[in-house]
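Before any comments, here is the structure.
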Amino acid sequence: MSGLNPSSAADDPPGEADTRRLILIVDDEPSVRAMVNASIDVRRSHYRVLEAGTAAEALALAHTEQPRLVLLDVALPDHDGFWVCRLLKTTPSTAHIPVIMLTAMSLASDRDQATAAGADGYIVKPFSPRALLAELDRRLA
């Protein structure tokens, strides 16, 4: 399942604009998306979440929804996350969106590839929920 996380919209008062910062989680594993979402849910009053399971979904949501930040896995079924990052960073309508790679790939060469693609940060899985929130708070303050 991807798209707007239903729990993130449940607490909105009717008729009021949602001022929470939108984060796009991109990972092909629903369990990982759920874990990241649960970590972010602690700050529900500050953040809301969109989810994508493929590169195509990620690109479409980034263009239409203009999230404030993208958490992007490298291993996706249709294209790798480096390709997605490069495309986001070279497209004028999405170039301003910070991209944090969130991946199990931990080699220095992986980090170098992410930097070359334009990534703004790199978090290795398994990740600390506290460290993830600190990174989000720092980038979206």
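Simple scheme: letters A, B, ... for chains in structure tokens order, numbers from 1 for residues in each chain, numbers from 1 for ligands in the order shown.
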Hey, what's within 12 Å of Arg43 (chain A) if we count only C-alpha atoms and toss same-chain stuff fewer than 4 positions away? As a PDB file with N, CA and C atoms, in the first residue's frame, please?
```
ATOM      1  N   SER A   8      -2.103   9.733   9.246  1.00  0.00           N
ATOM      2  CA  SER A   8      -1.572  11.086   9.308  1.00  0.00           C
ATOM      3  C   SER A   8      -2.646  12.136   9.063  1.00  0.00           C
ATOM      4  N   ARG A  20       1.595  20.502   8.833  1.00  0.00           N
ATOM      5  CA  ARG A  20       2.687  19.567   9.118  1.00  0.00           C
ATOM      6  C   ARG A  20       3.542  19.375   7.871  1.00  0.00           C
ATOM      7  N   ARG A  21       4.832  19.159   8.080  1.00  0.00           N
ATOM      8  CA  ARG A  21       5.745  18.956   6.963  1.00  0.00           C
ATOM      9  C   ARG A  21       5.587  17.545   6.406  1.00  0.00           C
ATOM     10  N   LEU A  22       5.496  17.467   5.087  1.00  0.00           N
ATOM     11  CA  LEU A  22       5.238  16.212   4.392  1.00  0.00           C
ATOM     12  C   LEU A  22       6.546  15.487   4.077  1.00  0.00           C
ATOM     13  N   ILE A  23       6.617  14.220   4.452  1.00  0.00           N
ATOM     14  CA  ILE A  23       7.778  13.369   4.194  1.00  0.00           C
ATOM     15  C   ILE A  23       7.337  12.210   3.307  1.00  0.00           C
ATOM     16  N   VAL A  36       9.497   2.845   9.525  1.00  0.00           N
ATOM     17  CA  VAL A  36       9.879   4.256   9.380  1.00  0.00           C
ATOM     18  C   VAL A  36       8.694   5.147   9.760  1.00  0.00           C
ATOM     19  N   ASN A  37       7.533   4.790   9.275  1.00  0.00           N
ATOM     20  CA  ASN A  37       6.320   5.549   9.572  1.00  0.00           C
ATOM     21  C   ASN A  37       6.050   5.574  11.083  1.00  0.00           C
ATOM     22  N   ALA A  38       6.212   4.439  11.739  1.00  0.00           N
ATOM     23  CA  ALA A  38       5.997   4.373  13.193  1.00  0.00           C
ATOM     24  C   ALA A  38       6.996   5.259  13.924  1.00  0.00           C
ATOM     25  N   SER A  39       8.213   5.310  13.444  1.00  0.00           N
ATOM     26  CA  SER A  39       9.231   6.173  14.058  1.00  0.00           C
ATOM     27  C   SER A  39       8.841   7.640  13.926  1.00  0.00           C
ATOM     28  N   TYR A  47       4.879  16.192  11.523  1.00  0.00           N
ATOM     29  CA  TYR A  47       5.109  15.557  10.232  1.00  0.00           C
ATOM     30  C   TYR A  47       3.904  14.727   9.801  1.00  0.00           C
ATOM     31  N   ARG A  48       3.728  14.645   8.488  1.00  0.00           N
ATOM     32  CA  ARG A  48       2.798  13.686   7.904  1.00  0.00           C
ATOM     33  C   ARG A  48       3.558  12.933   6.823  1.00  0.00           C
ATOM     34  N   VAL A  49       3.051  11.793   6.428  1.00  0.00           N
ATOM     35  CA  VAL A  49       3.816  10.857   5.615  1.00  0.00           C
ATOM     36  C   VAL A  49       3.059  10.429   4.371  1.00  0.00           C
ATOM     37  N   PRO A 129      15.526   4.862  15.492  1.00  0.00           N
ATOM     38  CA  PRO A 129      14.406   5.795  15.337  1.00  0.00           C
ATOM     39  C   PRO A 129      14.738   7.179  15.900  1.00  0.00           C
ATOM     40  N   ARG A 130      15.465   7.204  17.004  1.00  0.00           N
ATOM     41  CA  ARG A 130      15.843   8.486  17.611  1.00  0.00           C
ATOM     42  C   ARG A 130      16.761   9.281  16.678  1.00  0.00           C
ATOM     43  N   LEU A 132      16.931   8.942  13.402  1.00  0.00           N
ATOM     44  CA  LEU A 132      16.125   9.342  12.248  1.00  0.00           C
ATOM     45  C   LEU A 132      15.348  10.618  12.556  1.00  0.00           C
ATOM     46  N   LEU A 133      14.696  10.655  13.717  1.00  0.00           N
ATOM     47  CA  LEU A 133      13.934  11.848  14.096  1.00  0.00           C
ATOM     48  C   LEU A 133      14.844  13.060  14.264  1.00  0.00           C
ATOM     49  N   ALA A 134      16.024  12.855  14.818  1.00  0.00           N
ATOM     50  CA  ALA A 134      16.969  13.961  14.974  1.00  0.00           C
ATOM     51  C   ALA A 134      17.363  14.522  13.604  1.00  0.00           C
ATOM     52  N   LEU A 136      15.555  14.339  10.802  1.00  0.00           N
ATOM     53  CA  LEU A 136      14.380  15.020  10.250  1.00  0.00           C
ATOM     54  C   LEU A 136      14.195  16.391  10.909  1.00  0.00           C
ATOM     55  N   ASP A 137      14.312  16.435  12.220  1.00  0.00           N
ATOM     56  CA  ASP A 137      14.143  17.701  12.940  1.00  0.00           C
ATOM     57  C   ASP A 137      15.210  18.710  12.505  1.00  0.00           C
TER      58      ASP A 137
END
```
List every residue of region 65-118 of chain A that DSSP, applied to the backbone, labels as helix (DSSP H, G or I), and write the result as a PyMOL selection string.
chain A and resi 65+81-90+108-117
Mind writing the picked residues with N, CA and C atoms as a compact mmCIF listing (two decimals), in the first residue's frame?
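again.txt, freshly written:
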```txt
# COMPACT_ATOMS: atom_id res chain seq x y z
N GLU A 65 2.95 16.04 -5.08
CA GLU A 65 2.74 16.41 -3.67
C GLU A 65 3.80 17.35 -3.10
N GLY A 81 17.55 3.50 -6.25
CA GLY A 81 17.34 4.78 -5.60
C GLY A 81 18.31 5.85 -6.04
N PHE A 82 19.52 5.46 -6.46
CA PHE A 82 20.48 6.45 -6.96
C PHE A 82 19.91 7.13 -8.21
N TRP A 83 19.29 6.33 -9.08
CA TRP A 83 18.67 6.87 -10.29
C TRP A 83 17.53 7.83 -9.93
N VAL A 84 16.70 7.42 -8.96
CA VAL A 84 15.59 8.27 -8.52
C VAL A 84 16.13 9.59 -7.97
N CYS A 85 17.14 9.50 -7.12
CA CYS A 85 17.72 10.70 -6.53
C CYS A 85 18.26 11.63 -7.62
N ARG A 86 19.01 11.07 -8.54
CA ARG A 86 19.58 11.87 -9.63
C ARG A 86 18.47 12.58 -10.42
N LEU A 87 17.39 11.86 -10.69
CA LEU A 87 16.27 12.45 -11.44
C LEU A 87 15.59 13.56 -10.63
N LEU A 88 15.37 13.31 -9.34
CA LEU A 88 14.76 14.34 -8.50
C LEU A 88 15.63 15.59 -8.45
N LYS A 89 16.93 15.41 -8.35
CA LYS A 89 17.85 16.54 -8.19
C LYS A 89 18.13 17.29 -9.49
N THR A 90 17.82 16.68 -10.63
CA THR A 90 18.06 17.36 -11.92
C THR A 90 16.77 17.87 -12.56
N ALA A 108 31.57 2.52 1.80
CA ALA A 108 31.95 3.89 1.44
C ALA A 108 31.60 4.18 -0.02
N SER A 109 31.76 3.19 -0.88
CA SER A 109 31.44 3.39 -2.30
C SER A 109 29.94 3.64 -2.50
N ASP A 110 29.10 3.06 -1.65
CA ASP A 110 27.65 3.31 -1.72
C ASP A 110 27.36 4.77 -1.36
N ARG A 111 28.00 5.23 -0.30
CA ARG A 111 27.84 6.63 0.11
C ARG A 111 28.33 7.58 -0.99
N ASP A 112 29.45 7.22 -1.61
CA ASP A 112 29.99 8.04 -2.70
C ASP A 112 29.01 8.10 -3.87
N GLN A 113 28.40 6.97 -4.17
CA GLN A 113 27.42 6.92 -5.26
C GLN A 113 26.21 7.80 -4.93
N ALA A 114 25.79 7.77 -3.66
CA ALA A 114 24.65 8.60 -3.23
C ALA A 114 25.00 10.09 -3.34
N THR A 115 26.20 10.44 -2.91
CA THR A 115 26.64 11.83 -3.02
C THR A 115 26.69 12.28 -4.47
N ALA A 116 27.22 11.41 -5.33
CA ALA A 116 27.30 11.73 -6.76
C ALA A 116 25.91 11.91 -7.37
N ALA A 117 24.92 11.19 -6.84
CA ALA A 117 23.55 11.30 -7.35
C ALA A 117 22.83 12.55 -6.81
```
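CA of Thr19 (chain A) is found 28.5 Å from CA of Thr103 (chain A).
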Would you work out the distance separating CA of Leu107 (chain A) from CA of His79 (chain A), expressed in Å to one decimal?
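Separation between CA of Leu107 (chain A) and CA of His79 (chain A): 19.8 Å.
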List every residue of region 19-104 of chain A that DSSP, applied to the backbone of this structure, assigns to strand (DSSP E), and report them as an mmCIF file with N, CA and C atoms, in the first residue's frame.
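Generated output (result_18.cif):
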```
data_model
loop_
_atom_site.group_PDB
_atom_site.id
_atom_site.type_symbol
_atom_site.label_atom_id
_atom_site.label_comp_id
_atom_site.auth_asym_id
_atom_site.auth_seq_id
_atom_site.Cartn_x
_atom_site.Cartn_y
_atom_site.Cartn_z
ATOM 1 N N ARG A 21 4.832 19.159 8.080
ATOM 2 C CA ARG A 21 5.745 18.956 6.963
ATOM 3 C C ARG A 21 5.587 17.545 6.406
ATOM 4 N N LEU A 22 5.496 17.467 5.087
ATOM 5 C CA LEU A 22 5.238 16.212 4.392
ATOM 6 C C LEU A 22 6.546 15.487 4.077
ATOM 7 N N ILE A 23 6.617 14.220 4.452
ATOM 8 C CA ILE A 23 7.778 13.369 4.194
ATOM 9 C C ILE A 23 7.337 12.210 3.307
ATOM 10 N N LEU A 24 8.104 11.948 2.255
ATOM 11 C CA LEU A 24 7.844 10.819 1.362
ATOM 12 C C LEU A 24 8.811 9.698 1.715
ATOM 13 N N ILE A 25 8.268 8.545 2.113
ATOM 14 C CA ILE A 25 9.061 7.343 2.409
ATOM 15 C C ILE A 25 9.002 6.451 1.180
ATOM 16 N N VAL A 26 10.183 6.097 0.649
ATOM 17 C CA VAL A 26 10.250 5.253 -0.547
ATOM 18 C C VAL A 26 11.025 3.986 -0.209
ATOM 19 N N TYR A 47 4.879 16.192 11.523
ATOM 20 C CA TYR A 47 5.109 15.557 10.232
ATOM 21 C C TYR A 47 3.904 14.727 9.801
ATOM 22 N N ARG A 48 3.728 14.645 8.488
ATOM 23 C CA ARG A 48 2.798 13.686 7.904
ATOM 24 C C ARG A 48 3.558 12.933 6.823
ATOM 25 N N VAL A 49 3.051 11.793 6.428
ATOM 26 C CA VAL A 49 3.816 10.857 5.615
ATOM 27 C C VAL A 49 3.059 10.429 4.371
ATOM 28 N N LEU A 50 3.805 10.315 3.277
ATOM 29 C CA LEU A 50 3.362 9.640 2.061
ATOM 30 C C LEU A 50 4.278 8.444 1.880
ATOM 31 N N GLU A 51 3.771 7.381 1.281
ATOM 32 C CA GLU A 51 4.572 6.185 1.053
ATOM 33 C C GLU A 51 4.547 5.790 -0.415
ATOM 34 N N ALA A 52 5.706 5.312 -0.887
ATOM 35 C CA ALA A 52 5.816 4.778 -2.243
ATOM 36 C C ALA A 52 6.640 3.500 -2.180
ATOM 37 N N LEU A 69 10.713 16.505 2.281
ATOM 38 C CA LEU A 69 11.893 15.645 2.355
ATOM 39 C C LEU A 69 11.519 14.262 1.839
ATOM 40 N N VAL A 70 12.505 13.578 1.233
ATOM 41 C CA VAL A 70 12.305 12.206 0.753
ATOM 42 C C VAL A 70 13.287 11.298 1.475
ATOM 43 N N LEU A 71 12.772 10.210 2.061
ATOM 44 C CA LEU A 71 13.594 9.129 2.605
ATOM 45 C C LEU A 71 13.571 8.027 1.565
ATOM 46 N N LEU A 72 14.725 7.697 0.980
ATOM 47 C CA LEU A 72 14.780 6.885 -0.232
ATOM 48 C C LEU A 72 15.678 5.670 -0.074
ATOM 49 N N VAL A 99 16.931 14.894 -0.158
ATOM 50 C CA VAL A 99 16.810 13.442 -0.287
ATOM 51 C C VAL A 99 17.798 12.795 0.677
ATOM 52 N N ILE A 100 17.265 11.979 1.570
ATOM 53 C CA ILE A 100 18.088 11.215 2.499
ATOM 54 C C ILE A 100 17.990 9.754 2.087
ATOM 55 N N MET A 101 19.113 9.163 1.742
ATOM 56 C CA MET A 101 19.121 7.740 1.416
ATOM 57 C C MET A 101 18.965 6.969 2.728
ATOM 58 N N LEU A 102 18.072 6.001 2.752
ATOM 59 C CA LEU A 102 17.828 5.151 3.915
ATOM 60 C C LEU A 102 17.952 3.723 3.415
ATOM 61 N N THR A 103 19.127 3.110 3.622
ATOM 62 C CA THR A 103 19.445 1.872 2.936
ATOM 63 C C THR A 103 20.309 0.950 3.779
#
```
